[in-house]
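Enquirer: As input, take my_file_10.pdb (PDB, C-alpha atoms and all ligand atoms):
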ATOM      1  CA  MET A 242      54.055  53.760-180.076
ATOM      2  CA  GLY A 243      54.220  52.110-176.721
ATOM      3  CA  GLY A 244      56.123  52.154-173.449
ATOM      4  CA  GLY A 245      59.856  52.224-172.857
ATOM      5  CA  ALA A 246      60.344  56.008-172.860
ATOM      6  CA  ALA A 247      63.262  55.596-170.421
ATOM      7  CA  HIS A 248      65.304  54.176-173.307
ATOM      8  CA  PHE A 249      64.765  57.265-175.474
ATOM      9  CA  ILE A 250      66.195  59.897-173.139
ATOM     10  CA  PRO A 251      69.913  60.617-172.400
ATOM     11  CA  ARG A 252      71.470  59.101-169.278
ATOM     12  CA  SER A 253      71.686  62.564-167.697
ATOM     13  CA  ALA A 254      67.863  62.857-167.683
ATOM     14  CA  PRO A 255      66.001  61.614-164.578
ATOM     15  CA  GLY A 256      64.712  58.056-165.037
ATOM     16  CA  SER A 257      66.868  57.351-168.104
ATOM     17  CA  ARG A 258      67.859  53.756-168.804
ATOM     18  CA  ARG A 259      70.401  54.694-171.466
ATOM     19  CA  LYS A 260      74.156  54.337-171.012
ATOM     20  CA  ASP A 261      74.953  57.210-173.401
ATOM     21  CA  ASP A 262      73.949  60.826-173.941
ATOM     22  CA  ILE A 263      71.834  60.315-177.044
ATOM     23  CA  ASP A 264      68.458  62.062-176.896
ATOM     24  CA  TYR A 265      66.315  59.997-179.254
ATOM     25  CA  ILE A 266      63.210  62.068-178.619
ATOM     26  CA  ALA A 267      65.089  65.113-179.962
ATOM     27  CA  LYS A 268      66.248  63.068-182.945
ATOM     28  CA  PHE A 269      62.710  61.917-183.759
ATOM     29  CA  ARG A 270      61.447  65.493-183.385
ATOM     30  CA  GLY A 271      64.245  66.719-185.636
ATOM     31  CA  SER A 272      63.223  64.267-188.363
ATOM     32  CA  GLY A 273      59.655  65.530-188.415
ATOM     33  CA  HIS A 274      57.872  63.178-186.010
ATOM     34  CA  ALA A 275      54.985  64.384-183.906
ATOM     35  CA  ILE A 276      55.874  63.407-180.314
ATOM     36  CA  VAL A 277      52.871  62.296-178.234
ATOM     37  CA  THR A 278      52.714  61.007-174.645
ATOM     38  CA  THR A 279      48.985  60.572-173.917
ATOM     39  CA  GLU A 280      45.932  59.161-175.693
ATOM     40  CA  ARG A 281      44.576  62.676-176.216
ATOM     41  CA  GLU A 282      47.818  64.006-177.723
ATOM     42  CA  MET A 283      47.956  60.948-180.002
ATOM     43  CA  LYS A 284      44.441  61.463-181.357
ATOM     44  CA  THR A 285      44.891  65.225-181.733
ATOM     45  CA  ALA A 286      48.140  64.831-183.685
ATOM     46  CA  ALA A 287      46.661  62.116-185.934
ATOM     47  CA  ALA A 288      43.631  64.302-186.751
ATOM     48  CA  ASP A 289      45.963  66.848-188.377
ATOM     49  CA  PRO A 290      46.357  65.789-192.043
ATOM     50  CA  ALA A 291      49.896  67.220-191.971
ATOM     51  CA  THR A 292      50.983  64.546-189.469
ATOM     52  CA  ARG A 293      52.789  61.857-191.442
ATOM     53  CA  LYS A 294      55.242  60.607-188.789
ATOM     54  CA  MET A 295      54.580  59.989-185.111
ATOM     55  CA  LEU A 296      56.481  58.772-182.046
ATOM     56  CA  GLY A 297      54.185  57.791-179.160
ATOM     57  CA  LEU A 298      55.857  57.157-175.793
ATOM     58  CA  PHE A 299      53.175  56.595-173.183
ATOM     59  CA  HIS A 300      55.093  55.089-170.274
ATOM     60  CA  PRO A 301      58.715  55.056-169.023
ATOM     61  CA  GLY A 302      58.596  51.228-168.725
ATOM     62  CA  ASN A 303      55.951  48.645-169.581
ATOM     63  CA  MET A 304      52.455  49.970-170.198
ATOM     64  CA  ASP A 305      49.622  48.553-168.087
ATOM     65  CA  GLY A 306      47.366  45.836-169.490
ATOM     66  CA  VAL A 307      43.624  45.856-170.013
ATOM     67  CA  LEU A 308      42.635  44.426-166.619
ATOM     68  CA  ASP A 309      44.508  47.129-164.707
ATOM     69  CA  ARG A 310      43.918  49.966-167.164
ATOM     70  CA  LYS A 311      40.203  49.531-167.845
ATOM     71  CA  PHE A 312      38.871  47.695-164.794
ATOM     72  CA  LEU A 313      40.994  47.633-161.630
ATOM     73  CA  LYS A 314      43.008  50.895-161.971
ATOM     74  CA  GLN A 315      45.895  48.946-160.458
ATOM     75  CA  GLY A 316      49.534  48.569-161.492
ATOM     76  CA  THR A 317      50.959  51.947-162.535
ATOM     77  CA  VAL A 318      47.629  53.290-163.843
ATOM     78  CA  PRO A 319      47.308  55.875-161.013
ATOM     79  CA  SER A 320      50.641  57.398-162.142
ATOM     80  CA  PHE A 321      49.955  57.051-165.880
ATOM     81  CA  PRO A 322      46.173  57.363-166.314
ATOM     82  CA  GLU A 323      46.205  58.437-169.980
ATOM     83  CA  GLN A 324      47.747  55.360-171.628
ATOM     84  CA  PRO A 325      46.016  54.551-174.926
ATOM     85  CA  ASP A 326      44.537  51.160-175.775
ATOM     86  CA  LEU A 327      46.273  49.004-178.395
ATOM     87  CA  VAL A 328      43.168  49.203-180.593
ATOM     88  CA  ASP A 329      43.348  53.014-180.613
ATOM     89  CA  MET A 330      47.087  52.882-181.310
ATOM     90  CA  VAL A 331      46.443  50.608-184.325
ATOM     91  CA  ARG A 332      43.675  52.846-185.666
ATOM     92  CA  THR A 333      45.881  55.924-185.200
ATOM     93  CA  ALA A 334      48.893  54.260-186.820
ATOM     94  CA  LEU A 335      46.785  53.228-189.838
ATOM     95  CA  THR A 336      45.404  56.762-190.189
ATOM     96  CA  VAL A 337      48.879  58.306-190.198
ATOM     97  CA  LEU A 338      50.639  55.628-192.264
ATOM     98  CA  ALA A 339      47.913  55.535-194.937
ATOM     99  CA  ARG A 340      48.903  59.118-195.808
ATOM    100  CA  ASN A 341      51.966  57.624-197.530
ATOM    101  CA  ASP A 342      50.948  56.837-201.117
ATOM    102  CA  ASP A 343      53.838  54.361-201.407
ATOM    103  CA  GLY A 344      52.333  52.072-198.764
ATOM    104  CA  PHE A 345      53.646  51.007-195.392
ATOM    105  CA  VAL A 346      54.554  48.195-192.993
ATOM    106  CA  LEU A 347      52.874  48.271-189.580
ATOM    107  CA  MET A 348      54.194  45.894-186.900
ATOM    108  CA  VAL A 349      51.915  45.532-183.890
ATOM    109  CA  GLU A 350      52.717  43.535-180.775
ATOM    110  CA  SER A 351      50.388  42.853-177.873
ATOM    111  CA  GLY A 352      53.543  42.398-175.830
ATOM    112  CA  LEU A 353      51.955  42.157-172.416
ATOM    113  CA  ILE A 354      50.483  38.740-173.271
ATOM    114  CA  ASP A 355      54.041  37.451-172.875
ATOM    115  CA  LYS A 356      54.920  39.759-170.016
ATOM    116  CA  TYR A 357      51.950  38.506-167.978
ATOM    117  CA  SER A 358      52.479  34.860-168.947
ATOM    118  CA  HIS A 359      56.001  34.920-167.465
ATOM    119  CA  PRO A 360      54.698  35.627-163.928
ATOM    120  CA  LEU A 361      51.899  33.041-164.393
ATOM    121  CA  ASP A 362      49.211  35.763-164.486
ATOM    122  CA  TRP A 363      47.023  34.110-167.101
ATOM    123  CA  GLU A 364      43.914  36.246-166.525
ATOM    124  CA  ARG A 365      45.848  39.391-167.420
ATOM    125  CA  ALA A 366      47.403  37.619-170.421
ATOM    126  CA  VAL A 367      43.964  36.557-171.684
ATOM    127  CA  MET A 368      42.492  40.044-171.269
ATOM    128  CA  ASP A 369      45.321  41.385-173.435
ATOM    129  CA  THR A 370      44.699  38.591-175.950
ATOM    130  CA  ILE A 371      41.125  39.884-176.282
ATOM    131  CA  MET A 372      42.676  43.317-176.885
ATOM    132  CA  LEU A 373      44.871  41.810-179.634
ATOM    133  CA  ASP A 374      41.778  40.231-181.198
ATOM    134  CA  ARG A 375      40.158  43.658-181.297
ATOM    135  CA  ALA A 376      43.322  45.195-182.748
ATOM    136  CA  VAL A 377      43.271  42.614-185.566
ATOM    137  CA  ALA A 378      39.606  43.483-186.192
ATOM    138  CA  ALA A 379      40.600  47.153-186.518
ATOM    139  CA  ALA A 380      43.290  46.212-189.052
ATOM    140  CA  LYS A 381      40.806  44.068-191.008
ATOM    141  CA  GLU A 382      38.335  46.942-191.041
ATOM    142  CA  PHE A 383      41.036  49.093-192.665
ATOM    143  CA  ALA A 384      42.065  46.362-195.140
ATOM    144  CA  GLY A 385      38.433  45.662-196.034
ATOM    145  CA  THR A 386      38.128  49.073-197.676
ATOM    146  CA  ARG A 387      40.928  48.282-200.144
ATOM    147  CA  ASN A 388      42.486  45.339-202.011
ATOM    148  CA  ASP A 389      46.200  45.827-201.349
ATOM    149  CA  THR A 390      46.735  44.990-197.673
ATOM    150  CA  LEU A 391      48.207  41.732-196.374
ATOM    151  CA  ILE A 392      47.561  41.050-192.681
ATOM    152  CA  LEU A 393      49.622  38.396-190.899
ATOM    153  CA  VAL A 394      48.863  37.410-187.308
ATOM    154  CA  THR A 395      51.203  35.158-185.365
ATOM    155  CA  ALA A 396      53.141  34.618-182.151
ATOM    156  CA  ASP A 397      56.901  34.644-181.710
ATOM    157  CA  HIS A 398      56.645  31.759-179.211
ATOM    158  CA  GLY A 399      54.266  30.112-176.791
ATOM    159  CA  HIS A 400      54.095  29.676-173.039
ATOM    160  CA  GLY A 401      53.209  26.332-171.496
ATOM    161  CA  LEU A 402      49.691  26.923-170.215
ATOM    162  CA  SER A 403      46.448  25.099-170.819
ATOM    163  CA  LEU A 404      42.763  25.350-170.067
ATOM    164  CA  VAL A 405      41.801  22.110-168.320
ATOM    165  CA  GLY A 406      38.310  22.788-166.950
ATOM    166  CA  THR A 407      36.642  25.053-164.403
ATOM    167  CA  ILE A 408      37.067  25.852-160.709
ATOM    168  CA  ASP A 409      33.684  25.831-158.937
ATOM    169  CA  ASP A 410      33.709  27.380-155.443
ATOM    170  CA  THR A 411      30.337  25.760-154.646
ATOM    171  CA  VAL A 412      31.696  22.221-155.022
ATOM    172  CA  PRO A 413      32.546  20.820-151.583
ATOM    173  CA  GLY A 414      36.144  19.688-151.185
ATOM    174  CA  ARG A 415      39.020  19.329-148.785
ATOM    175  CA  GLU A 416      41.235  21.537-150.907
ATOM    176  CA  MET A 417      40.768  23.929-153.833
ATOM    177  CA  ARG A 418      41.977  21.244-156.217
ATOM    178  CA  ASP A 419      38.904  19.188-155.345
ATOM    179  CA  LYS A 420      36.732  21.975-156.777
ATOM    180  CA  ILE A 421      38.199  21.611-160.266
ATOM    181  CA  GLY A 422      35.797  20.090-162.786
ATOM    182  CA  VAL A 423      37.456  18.356-165.737
ATOM    183  CA  HIS A 424      36.160  16.619-168.863
ATOM    184  CA  GLU A 425      32.356  16.254-168.690
ATOM    185  CA  LYS A 426      32.292  17.786-165.186
ATOM    186  CA  ALA A 427      33.831  21.092-166.313
ATOM    187  CA  GLY A 428      30.613  22.820-167.404
ATOM    188  CA  TYR A 429      30.669  26.484-168.350
ATOM    189  CA  PRO A 430      32.190  29.325-166.335
ATOM    190  CA  ASN A 431      29.813  32.021-165.059
ATOM    191  CA  TYR A 432      31.664  35.179-166.067
ATOM    192  CA  PRO A 433      29.203  38.001-166.827
ATOM    193  CA  PRO A 434      28.405  38.587-170.524
ATOM    194  CA  ALA A 435      31.103  40.410-172.468
ATOM    195  CA  ASN A 436      30.816  44.216-172.515
ATOM    196  CA  ASP A 437      30.748  46.326-175.725
ATOM    197  CA  GLU A 438      34.470  45.751-176.186
ATOM    198  CA  GLY A 439      34.313  41.986-175.689
ATOM    199  CA  TYR A 440      35.724  41.872-172.152
ATOM    200  CA  PRO A 441      34.190  40.051-169.190
ATOM    201  CA  THR A 442      33.494  42.776-166.623
ATOM    202  CA  ARG A 443      34.402  40.513-163.671
ATOM    203  CA  LEU A 444      36.900  37.700-163.301
ATOM    204  CA  ASP A 445      36.430  36.725-159.635
ATOM    205  CA  VAL A 446      33.280  34.693-160.275
ATOM    206  CA  SER A 447      32.274  31.484-158.493
ATOM    207  CA  ARG A 448      32.856  29.188-161.501
ATOM    208  CA  ARG A 449      35.927  30.322-163.428
ATOM    209  CA  LEU A 450      38.290  28.831-165.963
ATOM    210  CA  ALA A 451      40.982  26.486-164.646
ATOM    211  CA  VAL A 452      44.224  27.342-166.438
ATOM    212  CA  PHE A 453      47.569  25.993-165.295
ATOM    213  CA  PHE A 454      51.181  26.510-166.322
ATOM    214  CA  ALA A 455      53.661  23.778-167.193
ATOM    215  CA  ALA A 456      56.888  25.511-166.095
ATOM    216  CA  PHE A 457      57.274  27.579-162.924
ATOM    217  CA  PRO A 458      59.426  28.518-159.942
ATOM    218  CA  ASP A 459      58.209  27.739-156.410
ATOM    219  CA  TYR A 460      54.952  29.666-155.969
ATOM    220  CA  TYR A 461      51.643  29.690-154.160
ATOM    221  CA  GLU A 462      48.782  28.574-156.407
ATOM    222  CA  THR A 463      45.782  30.627-155.304
ATOM    223  CA  TYR A 464      43.217  29.371-157.842
ATOM    224  CA  HIS A 465      41.976  32.969-158.055
ATOM    225  CA  PRO A 466      42.590  36.027-160.289
ATOM    226  CA  LYS A 467      45.031  38.546-158.803
ATOM    227  CA  LEU A 468      42.885  41.637-158.270
ATOM    228  CA  ASP A 469      45.453  43.547-156.180
ATOM    229  CA  GLY A 470      47.923  43.952-159.042
ATOM    230  CA  PRO A 471      49.951  41.664-161.336
ATOM    231  CA  PHE A 472      51.086  38.352-159.838
ATOM    232  CA  VAL A 473      54.624  38.127-158.446
ATOM    233  CA  PRO A 474      54.997  34.353-157.998
ATOM    234  CA  ALA A 475      58.538  34.233-156.591
ATOM    235  CA  VAL A 476      60.978  36.577-154.867
ATOM    236  CA  VAL A 477      64.735  36.398-154.507
ATOM    237  CA  ALA A 478      66.211  34.953-151.301
ATOM    238  CA  PRO A 479      69.528  36.047-149.705
ATOM    239  CA  ASP A 480      71.310  33.146-151.470
ATOM    240  CA  LYS A 481      70.061  34.525-154.842
ATOM    241  CA  SER A 482      67.666  31.611-155.385
ATOM    242  CA  TYR A 483      63.995  32.332-156.068
ATOM    243  CA  VAL A 484      61.449  31.217-153.507
ATOM    244  CA  ALA A 485      57.659  31.397-153.374
ATOM    245  CA  ASN A 486      56.319  34.881-152.616
ATOM    246  CA  GLU A 487      54.919  34.686-149.069
ATOM    247  CA  LYS A 488      52.479  37.503-149.904
ATOM    248  CA  TYR A 489      50.092  34.878-151.295
ATOM    249  CA  ARG A 490      50.529  32.253-148.552
ATOM    250  CA  ASP A 491      47.451  33.294-146.605
ATOM    251  CA  THR A 492      45.129  33.592-149.602
ATOM    252  CA  PRO A 493      42.303  31.185-148.675
ATOM    253  CA  GLY A 494      42.938  27.852-150.379
ATOM    254  CA  ALA A 495      46.453  28.712-151.575
ATOM    255  CA  VAL A 496      48.916  25.836-151.770
ATOM    256  CA  LEU A 497      52.679  25.851-152.215
ATOM    257  CA  ARG A 498      53.671  24.375-155.556
ATOM    258  CA  ALA A 499      57.256  23.171-155.778
ATOM    259  CA  GLY A 500      58.923  24.605-158.868
ATOM    260  CA  ASN A 501      60.170  22.528-161.771
ATOM    261  CA  LEU A 502      62.530  25.210-163.116
ATOM    262  CA  PRO A 503      66.040  25.948-161.773
ATOM    263  CA  HIS A 504      66.122  27.898-158.501
ATOM    264  CA  SER A 505      67.611  30.789-160.491
ATOM    265  CA  ALA A 506      64.340  31.200-162.442
ATOM    266  CA  PRO A 507      62.134  33.989-161.052
ATOM    267  CA  GLN A 508      59.145  33.147-163.272
ATOM    268  CA  GLY A 509      57.838  30.989-166.118
ATOM    269  CA  VAL A 510      59.562  30.594-169.474
ATOM    270  CA  HIS A 511      58.859  30.434-173.219
ATOM    271  CA  SER A 512      57.863  27.117-174.790
ATOM    272  CA  GLY A 513      58.981  25.566-178.060
ATOM    273  CA  GLU A 514      55.818  24.270-179.703
ATOM    274  CA  ASP A 515      54.508  25.430-183.096
ATOM    275  CA  VAL A 516      52.465  28.628-183.085
ATOM    276  CA  ILE A 517      49.499  29.686-185.209
ATOM    277  CA  LEU A 518      49.960  31.951-188.233
ATOM    278  CA  THR A 519      46.906  33.330-190.027
ATOM    279  CA  ALA A 520      46.790  35.581-193.071
ATOM    280  CA  SER A 521      44.319  37.560-195.155
ATOM    281  CA  GLY A 522      44.747  39.723-198.247
ATOM    282  CA  PRO A 523      47.123  39.466-201.239
ATOM    283  CA  GLY A 524      49.803  36.815-200.593
ATOM    284  CA  ALA A 525      47.712  35.063-197.936
ATOM    285  CA  GLU A 526      47.393  32.001-200.176
ATOM    286  CA  ARG A 527      51.047  31.208-199.396
ATOM    287  CA  VAL A 528      50.277  30.780-195.715
ATOM    288  CA  ARG A 529      49.104  27.199-195.260
ATOM    289  CA  GLY A 530      50.226  23.932-193.685
ATOM    290  CA  PHE A 531      53.532  24.093-191.828
ATOM    291  CA  LEU A 532      55.962  26.939-192.479
ATOM    292  CA  ASP A 533      59.428  27.691-191.147
ATOM    293  CA  ASN A 534      59.393  31.031-189.359
ATOM    294  CA  THR A 535      61.999  32.318-191.827
ATOM    295  CA  ASP A 536      59.529  31.772-194.684
ATOM    296  CA  VAL A 537      57.204  34.352-193.154
ATOM    297  CA  PHE A 538      59.888  36.906-194.016
ATOM    298  CA  ARG A 539      59.666  35.876-197.685
ATOM    299  CA  VAL A 540      55.888  36.241-197.709
ATOM    300  CA  ILE A 541      56.271  39.766-196.308
ATOM    301  CA  ALA A 542      59.100  40.688-198.706
ATOM    302  CA  ASP A 543      57.088  39.521-201.723
ATOM    303  CA  ALA A 544      53.979  41.371-200.545
ATOM    304  CA  LEU A 545      56.116  44.507-200.468
ATOM    305  CA  GLY A 546      57.417  43.775-203.987
ATOM    306  CA  LEU A 547      61.028  43.521-202.817
ATOM    307  CA  GLY A 548      62.814  41.633-205.624
ATOM    308  CA  ALA A 549      61.377  38.761-207.649
ATOM    309  CA  PRO A 550      58.884  36.412-205.978
ATOM    310  CA  THR A 551      60.647  33.411-204.457
ATOM    311  CA  ALA A 552      59.756  30.022-205.902
ATOM    312  CA  ARG A 553      58.515  27.480-203.390
TER     313      ARG A 553
HETATM  314 ZN    ZN B   1      58.914  36.455-172.936
END
How would this structure read if it were set down as structure tokens?
Expert:
Amino acid sequence: MGGGAAHFIPRSAPGSRRKDDIDYIAKFRGSGHAIVTTEREMKTAAADPATRKMLGLFHPGNMDGVLDRKFLKQGTVPSFPEQPDLVDMVRTALTVLARNDDGFVLMVESGLIDKYSHPLDWERAVMDTIMLDRAVAAAKEFAGTRNDTLILVTADHGHGLSLVGTIDDTVPGREMRDKIGVHEKAGYPNYPPANDEGYPTRLDVSRRLAVFFAAFPDYYETYHPKLDGPFVPAVVAPDKSYVANEKYRDTPGAVLRAGNLPHSAPQGVHSGEDVILTASGPGAERVRGFLDNTDVFRVIADALGLGAPTAR
């Protein structure tokens, strides 16, 4: 389930991104998968007890994130208004997969957290992190009704970004940077209370979180959430180097930040620090301290009963 439908259709089909004539949708259909393309089709197919396999393709490219899908109706939401939420995809996947008495592996990625972190759009990345949190809660709800389900939650890498304080528009200052409160001056942001799903209903408040990236191309720092669609920090120049996107130059308070990445970099990059891994359920006791990422594979393999448990 997800986006990327353009990679499932033969190159002769309009919008295809394949280089061959393989029709993967036909192949999935031929092997007994229910094919669904909207939230409604997904839920209808899952409600049928005979559905035991499903392919959900809800967008030709990347799906839209929470901020655009639920709040702003920006991005490609006008063209693809029926994209399901990750939480609903997880619930649906668990419903269908649990029909297999031999068990299952479900891999879930909240992939837009990364895809929004690259263009330095941290508000969108955080909104999708809240969505991931809710997706994990849905998985735990499922696992809580039984005693045989290991849940692992981790990241495949980080991005260099940190919360350093708050930006308070009411603080007088020569520049936006003078309105940033750090340490004991940070105080609390004034986002409205979270809605039923845990999301702040507004991000453009007068005292908001100050989050900055460590690695970036030339770009205009606006100190504000991007409410007119995902951030595009840099654009390509005639000499193929990436320069700050002039679209944001006239945003009140925006300042040009000179990049610290090569001029060939259009956006931010992955970082190499350790990431968090949490676990619950049978086998979770092996997740503690520091682990090599390759050891996570062994935890999964043993939980599935593949071969003898590995001694550690
Ligand atoms: Zn990435």
Enquirer: Mind listing the residues within 8 Å of ligand ZN 1 (chain B), all atoms listed in the file counted, as JSON, numbers by chain?
Expert: {"A": [355, 356, 358, 359, 510, 511]}
Enquirer: Taking into account all atoms listed in the file, which residue in the set A:Lys467, A:Ala435, A:Val537, A:Gly245 is nearest to Ser257 (chain A)?
Expert: A:Gly245
Enquirer: Would you please work out which residue, of A:Asp445, A:Asp410, A:Glu323, A:Asp419, is nearest to Arg310 (chain A) when using only C-alpha atoms?
Expert: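 Closest candidate: A:Glu323.
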Enquirer: Which polymer residues have any atom within 12 Å of an atom of Ser521 (chain A), counting all atoms listed in the file, with same-chain residues fewer than 2 positions away left out, as a list in words?
Expert: Val377, Ala378, Ala380, Lys381, Glu382, Ala384, Gly385, Asn388, Asp389, Thr390, Leu391, Ile392, Leu393, Val394, Leu518, Thr519, Pro523, Gly524, Ala525, Glu526, Arg527, Val528, Arg529, Val540 and Ala544 of chain A
Enquirer: Determine, counting all atoms listed in the file, every residue of protein, DNA or RNA that lies within 12 Å of (65.4, 56.2, -163.4) in the file coordinates, then give the result as a list in words.
Expert: Gly245, Ala246, Ala247, His248, Ile250, Pro251, Arg252, Ser253, Ala254, Pro255, Gly256, Ser257, Arg258, Arg259, Lys260, Pro301 and Gly302 of chain A
Enquirer: For Thr285 (chain A), which residue among A:Ser320, A:Asn486, A:Thr336, A:Asn534 is the nearest when counting all atoms listed in the file?
Expert: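 Smallest distance to Thr285 (chain A) is found for A:Thr336.
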Enquirer: Would you translate the PyMOL selection byres (((chain A and resi 504) around 8) and not hetatm) into the concrete set of residues it matches in this file, as a PyMOL selection string?
Expert: chain A and resi 458+482-484+500+502-503+505-507
Enquirer: Take the PyMOL selection byres (((chain A and resi 428) around 12) and not hetatm), run it mentally on this structure, and tell me the resulting residues as a list in words.
Expert: Val405, Gly406, Thr407, Ile408, Asp409, Ile421, Gly422, Val423, His424, Glu425, Lys426, Ala427, Tyr429, Pro430, Asn431, Arg448, Arg449, Leu450 and Ala451 of chain A
Enquirer: Pick the closest to Gly352 (chain A) from A:Leu404, A:Glu364, A:Leu373, A:Phe472: which is it, counting only C-alpha atoms?
Expert: A:Leu373
Enquirer: So which one's closest to Gly297 (chain A), A:Val328, A:Gly243, A:Asp362, A:His274? Using all atoms listed in the file, please.
Expert: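 Looking only at the distances to Gly297 (chain A), the closest residue turns out to be A:Gly243.
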Enquirer: Assuming the chain letters and numbering stay as they are in my file, what does the PyMOL selection byres (((chain A and resi 370) around 10) and not hetatm) actually select? List them as an mmCIF file with C-alpha atoms, in the frame of the given file.
Expert:
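Dumped everything to expr_14.cif:
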data_model
loop_
_atom_site.group_PDB
_atom_site.id
_atom_site.type_symbol
_atom_site.label_atom_id
_atom_site.label_comp_id
_atom_site.auth_asym_id
_atom_site.auth_seq_id
_atom_site.Cartn_x
_atom_site.Cartn_y
_atom_site.Cartn_z
ATOM 1 C CA VAL A 307 43.624 45.856 -170.013
ATOM 2 C CA SER A 351 50.388 42.853 -177.873
ATOM 3 C CA GLY A 352 53.543 42.398 -175.830
ATOM 4 C CA LEU A 353 51.955 42.157 -172.416
ATOM 5 C CA ILE A 354 50.483 38.740 -173.271
ATOM 6 C CA ASP A 355 54.041 37.451 -172.875
ATOM 7 C CA GLU A 364 43.914 36.246 -166.525
ATOM 8 C CA ARG A 365 45.848 39.391 -167.420
ATOM 9 C CA ALA A 366 47.403 37.619 -170.421
ATOM 10 C CA VAL A 367 43.964 36.557 -171.684
ATOM 11 C CA MET A 368 42.492 40.044 -171.269
ATOM 12 C CA ASP A 369 45.321 41.385 -173.435
ATOM 13 C CA ILE A 371 41.125 39.884 -176.282
ATOM 14 C CA MET A 372 42.676 43.317 -176.885
ATOM 15 C CA LEU A 373 44.871 41.810 -179.634
ATOM 16 C CA ASP A 374 41.778 40.231 -181.198
ATOM 17 C CA ARG A 375 40.158 43.658 -181.297
ATOM 18 C CA ALA A 376 43.322 45.195 -182.748
#
Enquirer: Which distance in Å separates CA of Glu514 (chain A) and CA of Ala475 (chain A), to one decimal?
Expert: 25.3 Å
Enquirer: Using all atoms listed in the file for the distances, tell me which of A:His465, A:Ala379, A:Ser447, A:Ser512 is nearest to Val412 (chain A).
Expert: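 Smallest distance to Val412 (chain A) is found for A:Ser447.
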Enquirer: Using Å and a single decimal, report how far CA of His400 (chain A) sits from CA of Gln508 (chain A).
Expert: 11.5 Å
Enquirer: Record the distance separating CA of Tyr460 (chain A) and CA of Leu313 (chain A), expressed in Å with one decimal.
Expert: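 So the two atoms, CA of Tyr460 (chain A) and CA of Leu313 (chain A), lie 23.4 Å apart.
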Enquirer: For Asp289 (chain A), work out the shell of residues within 12 Å, counting only C-alpha atoms and skipping chain neighbours fewer than 4 positions away, then give it as a PyMOL selection string.
Expert: chain A and resi 275+282-285+293-295+333+336-337+340
Enquirer: Tell me, as a PDB file with C-alpha atoms, in the frame of the given file, which residues lie within 12 Å of Pro319 (chain A), counting all atoms listed in the file; anything in the same chain fewer than 5 positions away does not count.
Expert:
ATOM      1  CA  ASP A 305      49.622  48.553-168.087  1.00  0.00           C
ATOM      2  CA  ASP A 309      44.508  47.129-164.707  1.00  0.00           C
ATOM      3  CA  ARG A 310      43.918  49.966-167.164  1.00  0.00           C
ATOM      4  CA  LYS A 311      40.203  49.531-167.845  1.00  0.00           C
ATOM      5  CA  LEU A 313      40.994  47.633-161.630  1.00  0.00           C
ATOM      6  CA  LYS A 314      43.008  50.895-161.971  1.00  0.00           C
ATOM      7  CA  GLN A 324      47.747  55.360-171.628  1.00  0.00           C
TER       8      GLN A 324
END
Enquirer: For region 361-368 of chain A, take all atoms listed in the file, fit an axis-aligned box around them, add 6 Å to each of the six sides, then output centre and edge lengths in Å rounded to one decimal, as AutoDock Vina command-line options.
Expert:
--center_x 47.2 --center_y 36.5 --center_z -168.0 --size_x 21.4 --size_y 19.0 --size_z 19.3
